[in-house]
>>> print(open('target.cif').read())   # mmCIF, C-alpha atoms
data_work
#
loop_
_atom_site.label_atom_id
_atom_site.label_comp_id
_atom_site.auth_asym_id
_atom_site.auth_seq_id
_atom_site.Cartn_x
_atom_site.Cartn_y
_atom_site.Cartn_z
CA MET A 63 4.70 -32.01 46.78
CA ALA A 64 4.85 -32.11 43.00
CA PRO A 65 1.45 -32.20 41.27
CA PRO A 66 0.53 -35.63 39.89
CA ARG A 67 1.54 -36.20 36.32
CA PRO A 68 -1.44 -35.98 33.93
CA HIS A 69 -2.57 -39.38 32.64
CA VAL A 70 -2.48 -39.53 28.85
CA LEU A 71 -4.12 -42.51 27.13
CA VAL A 72 -2.95 -43.12 23.56
CA ALA A 73 -5.64 -45.08 21.71
CA GLU A 74 -3.83 -46.14 18.57
CA ASP A 75 -3.45 -49.50 16.88
CA ASN A 76 -0.16 -48.75 15.15
CA GLN A 77 2.76 -49.66 17.40
CA LEU A 78 5.15 -47.21 15.70
CA VAL A 79 2.86 -44.24 16.35
CA CYS A 80 2.11 -45.47 19.87
CA ASP A 81 5.83 -45.64 20.67
CA ALA A 82 6.41 -42.14 19.32
CA MET A 83 3.55 -40.70 21.38
CA ARG A 84 4.75 -42.54 24.48
CA VAL A 85 8.24 -41.02 24.17
CA LEU A 86 6.81 -37.56 23.50
CA PHE A 87 4.47 -37.50 26.49
CA GLU A 88 6.56 -39.47 28.99
CA GLU A 89 9.53 -37.24 28.36
CA THR A 90 7.44 -34.13 28.91
CA GLY A 91 6.05 -35.00 32.33
CA HIS A 92 2.99 -37.14 31.57
CA ARG A 93 2.03 -40.64 32.61
CA VAL A 94 1.21 -42.65 29.48
CA SER A 95 -0.98 -45.69 28.82
CA ALA A 96 -1.50 -47.05 25.34
CA ALA A 97 -3.79 -49.57 23.69
CA GLY A 98 -5.09 -50.34 20.23
CA HIS A 99 -8.31 -52.32 20.84
CA ILE A 100 -11.60 -50.79 21.92
CA ALA A 101 -12.21 -53.14 24.88
CA GLU A 102 -8.69 -52.65 26.19
CA ILE A 103 -8.91 -48.86 25.89
CA VAL A 104 -12.27 -48.81 27.66
CA ASP A 105 -10.86 -51.04 30.46
CA ILE A 106 -7.89 -48.74 31.04
CA ALA A 107 -9.98 -45.57 31.05
CA SER A 108 -12.59 -47.12 33.37
CA SER A 109 -10.06 -48.21 35.98
CA ASP A 110 -7.59 -45.31 35.83
CA PRO A 111 -9.17 -41.88 35.16
CA VAL A 112 -7.76 -40.28 32.03
CA ASP A 113 -6.86 -36.60 31.76
CA LEU A 114 -6.26 -36.69 28.03
CA LEU A 115 -7.36 -39.28 25.48
CA LEU A 116 -5.63 -39.18 22.10
CA LEU A 117 -7.98 -41.18 19.95
CA ASP A 118 -7.24 -42.68 16.57
CA LEU A 119 -10.45 -43.14 14.60
CA GLY A 120 -9.44 -46.34 12.82
CA LEU A 121 -8.74 -48.80 15.62
CA ALA A 122 -7.87 -52.44 15.10
CA ASP A 123 -11.41 -53.63 15.92
CA GLY A 124 -13.61 -50.73 14.88
CA ASP A 125 -14.48 -47.05 14.95
CA GLY A 126 -12.51 -45.16 17.61
CA LEU A 127 -15.56 -43.08 18.53
CA GLU A 128 -17.16 -46.24 19.98
CA VAL A 129 -14.67 -45.81 22.83
CA LEU A 130 -16.35 -42.56 23.81
CA SER A 131 -19.87 -43.97 23.79
CA ALA A 132 -18.72 -46.95 25.90
CA LEU A 133 -16.97 -44.66 28.38
CA ARG A 134 -19.98 -42.34 28.57
CA GLU A 135 -22.13 -45.32 29.58
CA ARG A 136 -19.63 -46.17 32.33
CA ASP A 137 -19.43 -42.53 33.40
CA ALA A 138 -15.69 -42.69 32.78
CA LEU A 139 -15.18 -40.11 30.03
CA PRO A 140 -11.67 -38.64 29.90
CA ARG A 141 -11.41 -35.01 30.99
CA VAL A 142 -10.30 -34.11 27.47
CA SER A 143 -10.71 -36.26 24.33
CA VAL A 144 -9.00 -35.40 21.08
CA ALA A 145 -9.24 -37.24 17.78
CA LEU A 146 -5.95 -37.80 15.95
CA THR A 147 -6.79 -38.90 12.46
CA GLY A 148 -5.71 -39.10 8.86
CA ARG A 149 -8.89 -37.32 7.71
CA ASP A 150 -10.09 -33.88 8.64
CA ASP A 151 -12.96 -33.48 6.21
CA ALA A 152 -16.11 -31.73 7.41
CA GLU A 153 -17.98 -34.99 7.99
CA THR A 154 -15.23 -36.46 10.19
CA ILE A 155 -14.96 -33.22 12.19
CA ALA A 156 -18.74 -33.12 12.71
CA ARG A 157 -18.84 -36.77 13.81
CA CYS A 158 -15.97 -36.31 16.29
CA THR A 159 -17.37 -33.09 17.72
CA ALA A 160 -20.79 -34.69 18.18
CA ALA A 161 -19.11 -37.60 20.01
CA GLY A 162 -17.48 -35.17 22.45
CA CYS A 163 -14.00 -34.55 21.02
CA ARG A 164 -12.42 -31.24 21.95
CA ALA A 165 -10.49 -31.13 18.66
CA VAL A 166 -9.81 -33.11 15.51
CA LEU A 167 -6.12 -33.07 14.63
CA LEU A 168 -4.63 -34.28 11.38
CA LYS A 169 -1.70 -36.67 11.82
CA PRO A 170 1.14 -35.94 12.10
CA VAL A 171 0.47 -32.99 14.40
CA PRO A 172 3.66 -30.95 14.83
CA THR A 173 4.86 -31.98 18.31
CA ARG A 174 5.42 -28.42 19.57
CA GLU A 175 1.86 -27.48 18.66
CA LEU A 176 0.48 -30.68 20.16
CA LEU A 177 2.31 -30.15 23.47
CA GLU A 178 1.19 -26.51 23.55
CA MET A 179 -2.47 -27.49 22.99
CA VAL A 180 -2.34 -30.32 25.52
CA LYS A 181 -0.85 -28.00 28.13
CA GLY A 182 -3.66 -25.50 27.52
CA TRP A 183 -6.42 -28.12 27.75
CA ILE A 184 -5.08 -29.67 30.93
CA GLU A 185 -4.68 -26.26 32.58
CA GLU A 186 -8.21 -25.42 31.53
CA VAL A 187 -9.80 -28.55 33.03
CA ASN A 188 -7.68 -28.16 36.16
CA ARG A 189 -9.18 -24.69 36.68
CA GLU A 190 -12.70 -26.10 36.44
CA PRO A 191 -14.30 -26.72 39.84
CA MET B 92 -38.74 -43.83 -42.68
CA GLN B 93 -38.11 -47.30 -41.43
CA ARG B 94 -36.27 -47.56 -38.12
CA LEU B 95 -33.61 -50.17 -37.60
CA GLU B 96 -34.48 -52.35 -34.63
CA PRO B 97 -31.62 -54.60 -33.60
CA SER B 98 -34.06 -57.29 -32.49
CA ALA B 99 -36.06 -57.18 -35.73
CA PRO B 100 -33.76 -56.36 -38.66
CA PRO B 101 -35.64 -55.29 -41.75
CA TYR B 102 -33.31 -57.29 -43.93
CA GLY B 103 -33.47 -60.99 -44.66
CA GLY B 104 -30.88 -63.47 -45.78
CA PRO B 105 -27.17 -63.07 -45.15
CA ALA B 106 -27.62 -59.65 -43.51
CA ASP B 107 -29.13 -61.40 -40.49
CA GLY B 108 -25.84 -63.08 -39.83
CA ARG B 109 -23.92 -59.79 -40.12
CA THR B 110 -26.29 -58.04 -37.70
CA GLU B 111 -25.93 -60.82 -35.20
CA SER B 112 -22.17 -60.67 -35.50
CA ILE B 113 -22.14 -56.89 -34.97
CA GLU B 114 -24.46 -57.29 -31.98
CA ALA B 115 -22.18 -59.92 -30.49
CA GLN B 116 -19.19 -57.64 -30.98
CA LEU B 117 -21.06 -54.76 -29.33
CA ILE B 118 -21.98 -56.88 -26.35
CA ALA B 119 -18.39 -58.10 -26.06
CA ALA B 120 -17.12 -54.50 -26.27
CA HIS B 121 -19.54 -53.38 -23.54
CA GLU B 122 -18.44 -56.27 -21.34
CA ARG B 123 -14.80 -55.36 -21.92
CA ILE B 124 -15.44 -51.70 -21.04
CA ALA B 125 -17.27 -52.71 -17.86
CA GLU B 126 -14.38 -54.99 -16.91
CA LEU B 127 -11.80 -52.25 -17.52
CA GLU B 128 -13.87 -49.74 -15.54
CA ALA B 129 -14.08 -52.19 -12.65
CA ARG B 130 -10.30 -52.69 -12.74
CA ASP B 131 -9.73 -48.94 -12.93
CA SER B 132 -11.93 -48.39 -9.90
CA LEU B 133 -10.07 -51.13 -8.00
CA LYS B 134 -6.80 -49.36 -8.75
CA THR B 135 -8.23 -46.05 -7.59
CA GLN B 136 -9.41 -47.66 -4.36
CA PHE B 137 -5.97 -49.21 -3.90
CA LEU B 138 -4.40 -45.77 -4.37
CA ALA B 139 -6.74 -44.30 -1.75
CA ASN B 140 -5.99 -47.11 0.71
CA ILE B 141 -2.24 -47.11 0.24
CA SER B 142 -1.93 -43.33 0.52
CA HIS B 143 -3.96 -43.43 3.73
CA ASP B 144 -1.81 -46.26 5.12
CA LEU B 145 1.44 -44.47 4.23
CA ARG B 146 0.55 -41.63 6.59
CA THR B 147 0.80 -43.84 9.67
CA PRO B 148 4.48 -44.85 9.56
CA LEU B 149 5.34 -41.36 8.31
CA THR B 150 3.64 -39.96 11.40
CA ALA B 151 5.93 -42.08 13.58
CA VAL B 152 9.06 -40.98 11.68
CA ILE B 153 8.20 -37.29 11.87
CA THR B 154 7.10 -37.40 15.51
CA HIS B 155 10.33 -39.11 16.64
CA ALA B 156 12.41 -36.65 14.63
CA GLU B 157 10.56 -33.65 16.11
CA ILE B 158 11.04 -35.03 19.63
CA MET B 159 14.79 -35.06 18.97
CA ARG B 160 14.81 -31.67 17.23
CA ASP B 161 13.08 -30.03 20.18
CA GLY B 162 15.76 -31.33 22.53
CA ILE B 163 13.24 -33.38 24.52
CA LEU B 164 15.76 -36.23 24.66
CA GLY B 165 18.72 -33.93 25.28
CA PRO B 166 20.64 -31.20 23.52
CA LEU B 167 21.86 -31.65 19.93
CA SER B 168 24.85 -30.26 18.13
CA GLU B 169 24.19 -27.84 15.29
CA ARG B 170 24.95 -30.50 12.67
CA GLN B 171 22.70 -33.05 14.36
CA LEU B 172 19.97 -30.44 14.41
CA ASP B 173 20.46 -29.79 10.67
CA SER B 174 20.19 -33.50 9.93
CA ILE B 175 17.08 -33.98 12.03
CA THR B 176 15.50 -30.93 10.40
CA GLY B 177 16.22 -32.52 7.02
CA ILE B 178 14.38 -35.69 8.09
CA ILE B 179 11.39 -33.64 9.26
CA ASN B 180 11.23 -31.54 6.09
CA GLY B 181 11.53 -34.61 3.88
CA GLY B 182 8.85 -36.40 5.88
CA ARG B 183 6.47 -33.43 5.76
CA GLN B 184 6.97 -33.12 2.00
CA LEU B 185 6.17 -36.81 1.63
CA ILE B 186 3.03 -36.43 3.76
CA GLU B 187 1.84 -33.60 1.53
CA GLN B 188 2.39 -35.65 -1.59
CA VAL B 189 0.64 -38.65 -0.09
CA GLY B 190 -2.26 -36.34 0.82
CA GLU B 191 -2.40 -35.14 -2.77
CA ILE B 192 -2.57 -38.70 -4.09
CA LEU B 193 -5.36 -39.44 -1.62
CA THR B 194 -7.35 -36.40 -2.76
CA TYR B 195 -6.80 -37.38 -6.39
CA ALA B 196 -7.95 -40.97 -5.74
CA ARG B 197 -11.07 -39.75 -3.93
CA GLY B 198 -11.78 -37.38 -6.79
CA ALA B 199 -11.35 -40.12 -9.38
CA ALA B 200 -13.69 -42.37 -7.39
CA ASN B 201 -16.21 -39.49 -7.08
CA GLN B 202 -15.85 -39.60 -3.30
CA LEU B 203 -15.13 -35.90 -2.90
CA THR B 204 -18.03 -33.86 -1.60
CA LEU B 205 -18.37 -30.13 -1.00
CA THR B 206 -19.22 -28.53 2.33
CA ARG B 207 -20.67 -25.29 1.06
CA SER B 208 -20.68 -21.97 2.86
CA ARG B 209 -20.59 -18.32 1.87
CA PHE B 210 -17.12 -16.92 2.48
CA SER B 211 -14.74 -14.11 1.64
CA LEU B 212 -12.19 -14.97 -1.01
CA ALA B 213 -10.10 -12.00 0.12
CA GLU B 214 -9.61 -13.71 3.51
CA VAL B 215 -8.65 -17.03 1.91
CA VAL B 216 -6.11 -15.32 -0.36
CA SER B 217 -4.69 -13.26 2.48
CA GLN B 218 -4.13 -16.40 4.58
CA LEU B 219 -2.50 -18.21 1.65
CA SER B 220 -0.32 -15.23 0.97
CA ALA B 221 0.90 -15.24 4.58
CA LEU B 222 1.65 -18.98 4.27
CA ASN B 223 3.60 -18.58 1.03
CA ASP B 224 5.37 -15.29 1.78
CA SER B 225 8.51 -16.79 3.25
CA LEU B 226 8.79 -19.38 0.45
CA ALA B 227 8.46 -16.62 -2.17
CA SER B 228 10.94 -14.30 -0.52
CA LYS B 229 13.40 -17.16 -0.03
CA LYS B 230 13.32 -17.54 -3.83
CA GLY B 231 13.57 -13.77 -4.31
CA LEU B 232 10.05 -13.49 -5.73
CA ALA B 233 7.48 -10.78 -5.15
CA LEU B 234 4.09 -12.22 -4.13
CA ILE B 235 1.36 -9.70 -4.87
CA THR B 236 -2.31 -10.06 -4.02
CA ASP B 237 -5.14 -7.94 -5.34
CA VAL B 238 -8.47 -9.21 -4.06
CA PRO B 239 -10.73 -6.36 -2.91
CA ALA B 240 -12.18 -6.93 0.57
CA GLU B 241 -15.56 -5.78 -0.79
CA LEU B 242 -15.62 -8.52 -3.47
CA GLU B 243 -18.97 -10.35 -3.22
CA PRO B 244 -18.43 -13.46 -1.04
CA ILE B 245 -18.53 -16.71 -2.99
CA THR B 246 -20.50 -19.83 -2.17
CA GLY B 247 -18.49 -23.03 -2.14
CA ASP B 248 -16.25 -25.26 -0.07
CA ARG B 249 -13.82 -22.88 1.62
CA GLU B 250 -11.15 -25.50 2.24
CA LYS B 251 -11.28 -26.79 -1.33
CA VAL B 252 -11.19 -23.32 -2.88
CA ALA B 253 -8.16 -22.61 -0.67
CA HIS B 254 -6.64 -25.85 -1.98
CA ILE B 255 -7.12 -24.69 -5.58
CA VAL B 256 -5.58 -21.26 -5.01
CA GLY B 257 -2.79 -22.76 -2.87
CA ASN B 258 -1.93 -25.24 -5.59
CA LEU B 259 -1.79 -22.57 -8.30
CA VAL B 260 0.32 -20.26 -6.13
CA GLY B 261 2.66 -23.14 -5.22
CA ASN B 262 3.16 -23.97 -8.90
CA ALA B 263 3.71 -20.32 -9.77
CA ILE B 264 6.41 -20.03 -7.11
CA ASP B 265 8.02 -23.31 -8.22
CA PHE B 266 8.17 -22.37 -11.90
CA THR B 267 9.26 -18.74 -11.57
CA PRO B 268 12.96 -17.94 -11.44
CA THR B 269 14.51 -15.57 -8.90
CA GLY B 270 13.59 -11.93 -9.32
CA GLY B 271 10.17 -12.71 -10.79
CA ARG B 272 6.64 -11.89 -9.71
CA VAL B 273 3.67 -14.05 -8.69
CA TRP B 274 0.26 -12.48 -8.27
CA VAL B 275 -3.27 -13.43 -7.24
CA SER B 276 -6.25 -11.29 -8.19
CA ALA B 277 -9.98 -11.82 -8.32
CA ARG B 278 -12.94 -9.97 -9.72
CA ARG B 279 -16.64 -10.44 -10.34
CA VAL B 280 -17.51 -10.92 -14.01
CA ASP B 281 -21.02 -11.04 -15.40
CA GLY B 282 -20.32 -12.27 -18.93
CA PRO B 283 -21.15 -15.01 -21.41
CA TYR B 284 -20.68 -17.68 -18.72
CA GLY B 285 -23.02 -15.90 -16.31
CA ASP B 286 -22.28 -14.19 -13.03
CA GLU B 287 -19.04 -15.59 -11.65
CA CYS B 288 -15.97 -14.88 -9.57
CA VAL B 289 -12.85 -15.14 -11.71
CA VAL B 290 -9.56 -15.74 -9.90
CA GLU B 291 -6.23 -15.21 -11.64
CA VAL B 292 -2.91 -16.63 -10.46
CA GLY B 293 -0.13 -15.29 -12.66
CA ASP B 294 3.62 -15.43 -12.76
CA THR B 295 6.58 -14.21 -14.79
CA GLY B 296 7.98 -17.75 -14.93
CA ILE B 297 9.05 -20.10 -17.69
CA GLY B 298 5.59 -20.33 -19.29
CA ILE B 299 3.86 -23.23 -21.02
CA ASP B 300 3.77 -23.93 -24.74
CA PRO B 301 0.14 -23.51 -25.96
CA GLN B 302 0.17 -27.09 -27.31
CA HIS B 303 0.54 -28.30 -23.71
CA HIS B 304 -2.23 -26.19 -22.18
CA GLU B 305 -4.69 -29.08 -22.02
CA LEU B 306 -2.01 -31.61 -21.06
CA VAL B 307 -1.08 -29.83 -17.83
CA PHE B 308 -4.53 -30.59 -16.37
CA ARG B 309 -4.24 -34.32 -17.07
CA GLU B 310 -3.22 -36.69 -14.30
CA PHE B 311 0.46 -37.52 -13.85
CA ALA B 312 1.36 -35.15 -16.70
CA GLN B 313 4.27 -32.80 -16.31
CA VAL B 314 5.43 -31.08 -19.42
CA ASP B 315 8.94 -32.36 -19.89
CA SER B 316 11.46 -29.67 -19.15
CA SER B 317 14.37 -29.34 -16.79
CA ALA B 318 12.20 -27.07 -14.63
CA SER B 319 9.42 -29.63 -14.24
CA ARG B 320 11.91 -32.39 -13.53
CA GLN B 321 13.19 -30.30 -10.64
CA HIS B 322 9.62 -29.67 -9.53
CA HIS B 323 8.93 -32.06 -6.66
CA GLY B 324 5.19 -32.46 -7.13
CA THR B 325 3.20 -35.59 -7.87
CA GLY B 326 1.96 -34.19 -11.18
CA LEU B 327 -1.56 -34.30 -9.75
CA GLY B 328 -1.97 -30.75 -8.48
CA LEU B 329 -3.68 -29.30 -11.55
CA THR B 330 -5.78 -32.43 -12.10
CA ILE B 331 -7.06 -32.07 -8.54
CA ALA B 332 -7.60 -28.34 -9.02
CA ARG B 333 -9.68 -29.02 -12.12
CA LYS B 334 -11.70 -31.69 -10.30
CA LEU B 335 -12.41 -29.30 -7.42
CA VAL B 336 -13.39 -26.49 -9.79
CA ASP B 337 -15.68 -28.91 -11.67
CA LEU B 338 -17.36 -29.88 -8.39
CA HIS B 339 -18.19 -26.18 -7.94
CA GLY B 340 -19.67 -26.03 -11.44
CA GLY B 341 -16.85 -23.71 -12.50
CA ARG B 342 -14.15 -23.50 -15.18
CA ILE B 343 -10.34 -23.55 -15.09
CA TRP B 344 -7.94 -22.63 -17.87
CA VAL B 345 -4.48 -21.28 -18.61
CA GLU B 346 -3.11 -18.53 -20.82
CA SER B 347 0.60 -18.81 -21.42
CA ALA B 348 3.43 -19.12 -23.89
CA LEU B 349 7.02 -20.27 -23.46
CA GLY B 350 9.09 -17.56 -21.82
CA GLN B 351 6.02 -15.36 -21.33
CA GLY B 352 4.95 -16.44 -17.84
CA SER B 353 1.63 -18.14 -17.10
CA ARG B 354 -1.78 -16.93 -16.05
CA PHE B 355 -4.05 -19.59 -14.58
CA TYR B 356 -7.69 -18.66 -14.17
CA PHE B 357 -10.59 -20.35 -12.50
CA ALA B 358 -14.18 -19.19 -12.23
CA ILE B 359 -16.71 -20.10 -9.55
CA PRO B 360 -20.31 -19.19 -10.41
CA TYR B 361 -22.29 -16.97 -8.04
CA PRO B 362 -25.59 -18.56 -7.06
CA PRO B 363 -28.51 -17.05 -9.00
CA GLY B 364 -30.72 -14.44 -7.35
#
>>> encode(input="target.cif", output="structure tokens")
Amino acid sequence: MAPPRPHVLVAEDNQLVCDAMRVLFEETGHRVSAAGHIAEIVDIASSDPVDLLLLDLGLADGDGLEVLSALRERDALPRVSVALTGRDDAETIARCTAAGCRAVLLKPVPTRELLEMVKGWIEEVNREP
Amino acid sequence: MQRLEPSAPPYGGPADGRTESIEAQLIAAHERIAELEARDSLKTQFLANISHDLRTPLTAVITHAEIMRDGILGPLSERQLDSITGIINGGRQLIEQVGEILTYARGAANQLTLTRSRFSLAEVVSQLSALNDSLASKKGLALITDVPAELEPITGDREKVAHIVGNLVGNAIDFTPTGGRVWVSARRVDGPYGDECVVEVGDTGIGIDPQHHELVFREFAQVDSSASRQHHGTGLGLTIARKLVDLHGGRIWVESALGQGSRFYFAIPYPPG
């Protein structure tokens, strides 16, 4: 039996970027959910465990990192969370790392590199007991 | 000696009226300056917002194009691949320029801060050299670096110092015709400006007329020449470099003449003790 497709949640309030990410990940063997509001993102992640969260910091209704604190409270943190942002200054990186992000990537991340990194992260968490 | 107090002029009679008029003009001038400064800062904020917002749709364009380039949606013909690659390269160039405008706007609004650490300049230069090697060799230029590994590490914002050197090297490559040389060197100098690390980025390019040496550091200024018209930059690179050097308490300057190549220098002070 084929292994289940990893669940990727795209937390992004811009429909154009959401659509691009959906095509990229669906076409490369992932199952994709997408949402742009904090409550909606938290609902999805709480009801359908997420392997990889791609988190935009500037969501329609607030700071993307609030998603992580809400999910931590519900014990529903994604297996890997990555911030995709327009800023990669030291302060942003520190804030994201403290909130539990595995990496802070500056948009647009070259797709080959992004797929490579995602593959590595998912393999890594799959090896964990 | 009697001091002139605006509130209590020592003169009587008609002079009172003149003083009041001058005071009124001064107040009006101050108000006007404050208003212009407020408008200027609004514009700067607008520039920061718009350059941030431009990244989002560009991200979508580039991501879709890369999905197609990588054959994720199916194989492409060679000409289709060339076209898609053109879209990606154009988009990436636009992203870089938008990023430069954003950095400029943050600098103008005094929103740039330094994350200081002690780091090796030799490493920074070696990484930049690797990044620029293919660009230089594509143009038939020799890119030479001479930064001794044992050079005393400098204290500053590594990323921003890399930005300064990267900008100067990029300009040098842009403005140097085929067959020329671009070099980066650094040394420690304990001179009239104190103990500092002086970095030189030189080239054998078209050079800059001495009357334009100050102009090149001003925002949106490109010395008018066919070479600078072909140059694809925003005209903000050197303004940003100067801002970043200033934040480090350093100096930046150029030595050049038309047809003689250019040597850009910047100095970052070593912390005392």
>>> interface_residues(input="target.cif", of="chain A", to="chain B", cutoff="8 Å", atoms="all atoms listed in the file", output="ChimeraX atom specification")
/A:76,78-79,81-83,86,89-90,148,152,169-170,172-174
>>> write_last_selection(input="target.cif", atoms="C-alpha atoms", output="JSON list (two decimals), in the coordinates of the input")
[["chain", "number", "residue", "atom", "x", "y", "z"],
["A", 76, "ASN", "CA", -0.16, -48.75, 15.15],
["A", 78, "LEU", "CA", 5.15, -47.21, 15.70],
["A", 79, "VAL", "CA", 2.86, -44.24, 16.35],
["A", 81, "ASP", "CA", 5.83, -45.64, 20.67],
["A", 82, "ALA", "CA", 6.41, -42.14, 19.32],
["A", 83, "MET", "CA", 3.55, -40.70, 21.38],
["A", 86, "LEU", "CA", 6.81, -37.56, 23.50],
["A", 89, "GLU", "CA", 9.53, -37.24, 28.36],
["A", 90, "THR", "CA", 7.44, -34.13, 28.91],
["A", 148, "GLY", "CA", -5.71, -39.10, 8.86],
["A", 152, "ALA", "CA", -16.11, -31.73, 7.41],
["A", 169, "LYS", "CA", -1.70, -36.67, 11.82],
["A", 170, "PRO", "CA", 1.14, -35.94, 12.10],
["A", 172, "PRO", "CA", 3.66, -30.95, 14.83],
["A", 173, "THR", "CA", 4.86, -31.98, 18.31],
["A", 174, "ARG", "CA", 5.42, -28.42, 19.57]]
>>> residues_around(input="target.cif", residues="stretch 112-120 of chain A", least_positions_apart="2", cutoff="6 Å", atoms="only C-alpha atoms", output="list in words")
Pro68, His69, Val70, Leu71, Val72, Ala73, Glu74, Ala107, Asp125, Gly126, Pro140, Arg141, Val142, Ser143, Val144, Ala145, Leu146 and Thr147 of chain A
>>> write_last_selection(input="target.cif", atoms="C-alpha atoms", output="PDB file, in the coordinates of the input")
ATOM      1  CA  PRO A  68      -1.440 -35.980  33.930  1.00  0.00           C
ATOM      2  CA  HIS A  69      -2.570 -39.380  32.640  1.00  0.00           C
ATOM      3  CA  VAL A  70      -2.480 -39.530  28.850  1.00  0.00           C
ATOM      4  CA  LEU A  71      -4.120 -42.510  27.130  1.00  0.00           C
ATOM      5  CA  VAL A  72      -2.950 -43.120  23.560  1.00  0.00           C
ATOM      6  CA  ALA A  73      -5.640 -45.080  21.710  1.00  0.00           C
ATOM      7  CA  GLU A  74      -3.830 -46.140  18.570  1.00  0.00           C
ATOM      8  CA  ALA A 107      -9.980 -45.570  31.050  1.00  0.00           C
ATOM      9  CA  ASP A 125     -14.480 -47.050  14.950  1.00  0.00           C
ATOM     10  CA  GLY A 126     -12.510 -45.160  17.610  1.00  0.00           C
ATOM     11  CA  PRO A 140     -11.670 -38.640  29.900  1.00  0.00           C
ATOM     12  CA  ARG A 141     -11.410 -35.010  30.990  1.00  0.00           C
ATOM     13  CA  VAL A 142     -10.300 -34.110  27.470  1.00  0.00           C
ATOM     14  CA  SER A 143     -10.710 -36.260  24.330  1.00  0.00           C
ATOM     15  CA  VAL A 144      -9.000 -35.400  21.080  1.00  0.00           C
ATOM     16  CA  ALA A 145      -9.240 -37.240  17.780  1.00  0.00           C
ATOM     17  CA  LEU A 146      -5.950 -37.800  15.950  1.00  0.00           C
ATOM     18  CA  THR A 147      -6.790 -38.900  12.460  1.00  0.00           C
TER      19      THR A 147
END
>>> residues_around(input="target.cif", residues="A:Ala97", least_positions_apart="3", cutoff="10 Å", atoms="only C-alpha atoms", output="MDAnalysis selection string")
chainID A and resid 71:77 80 100:106 121:122
>>> closest_residue(input="target.cif", among="A:Arg164, A:His99, A:Arg157, A:Arg149", to="A:Val129", atoms="all atoms listed in the file")
A:His99
>>> resolve_selection(input="target.cif", expression="the PyMOL selection byres ((chain B and resi 263) around 8)", output="list in words")
Leu259, Val260, Gly261, Asn262, Ile264, Asp265, Phe266, Thr267, Val273, Val292, Gly293, Asp294, Gly296 and Ser353 of chain B
>>> closest_residue(input="target.cif", among="A:Leu168, A:Val94, A:Ala64, A:Ile155", to="B:Glu187", atoms="all atoms listed in the file")
A:Leu168
>>> atom_distance(input="target.cif", atom1="atom CA of B:Thr135", atom2="atom CA of B:Ala199")
6.9 Å
>>> atom_distance(input="target.cif", atom1="atom CA of B:Thr236", atom2="atom CA of B:Asn180")
27.3 Å
>>> residues_near_point(input="target.cif", point="(-11.9, -12.6, 0.2)", cutoff="8 Å", atoms="all atoms listed in the file", output="number ranges by chain")
B: 210-217, 238-242, 244
>>> residues_around(input="target.cif", residues="A:Arg136", least_positions_apart="4", cutoff="9 Å", atoms="all atoms listed in the file", output="short mmCIF file (atom, residue, chain, number, x, y, z; two decimals) with C-alpha atoms, keeping the file's coordinate frame")
data_model
loop_
_atom_site.label_atom_id
_atom_site.label_comp_id
_atom_site.auth_asym_id
_atom_site.auth_seq_id
_atom_site.Cartn_x
_atom_site.Cartn_y
_atom_site.Cartn_z
CA SER A 108 -12.59 -47.12 33.37
CA SER A 131 -19.87 -43.97 23.79
CA ALA A 132 -18.72 -46.95 25.90
#
>>> atom_distance(input="target.cif", atom1="atom CA of A:Arg134", atom2="atom CA of A:Pro66")
24.4 Å
>>> decode(input="target.cif", residues="stretch 79-85 of chain A", atoms="N, CA, C and O atoms", output="short mmCIF file (atom, residue, chain, number, x, y, z; two decimals), in the first residue's frame")
data_model
loop_
_atom_site.label_atom_id
_atom_site.label_comp_id
_atom_site.auth_asym_id
_atom_site.auth_seq_id
_atom_site.Cartn_x
_atom_site.Cartn_y
_atom_site.Cartn_z
N VAL A 79 -0.90 33.47 -4.02
CA VAL A 79 0.20 32.66 -3.47
C VAL A 79 -0.33 31.30 -3.02
O VAL A 79 0.30 30.26 -3.25
N CYS A 80 -1.53 31.30 -2.43
CA CYS A 80 -2.16 30.05 -2.01
C CYS A 80 -2.29 29.09 -3.20
O CYS A 80 -1.95 27.92 -3.11
N ASP A 81 -2.82 29.62 -4.30
CA ASP A 81 -3.03 28.80 -5.49
C ASP A 81 -1.71 28.21 -5.99
O ASP A 81 -1.64 27.04 -6.35
N ALA A 82 -0.67 29.05 -5.99
CA ALA A 82 0.63 28.58 -6.47
C ALA A 82 1.15 27.46 -5.58
O ALA A 82 1.64 26.43 -6.07
N MET A 83 1.03 27.64 -4.27
CA MET A 83 1.51 26.62 -3.34
C MET A 83 0.70 25.32 -3.47
O MET A 83 1.23 24.23 -3.37
N ARG A 84 -0.60 25.49 -3.70
CA ARG A 84 -1.46 24.32 -3.84
C ARG A 84 -1.01 23.49 -5.07
O ARG A 84 -0.84 22.28 -4.97
N VAL A 85 -0.79 24.17 -6.19
CA VAL A 85 -0.34 23.46 -7.39
C VAL A 85 0.99 22.76 -7.10
O VAL A 85 1.17 21.56 -7.36
#
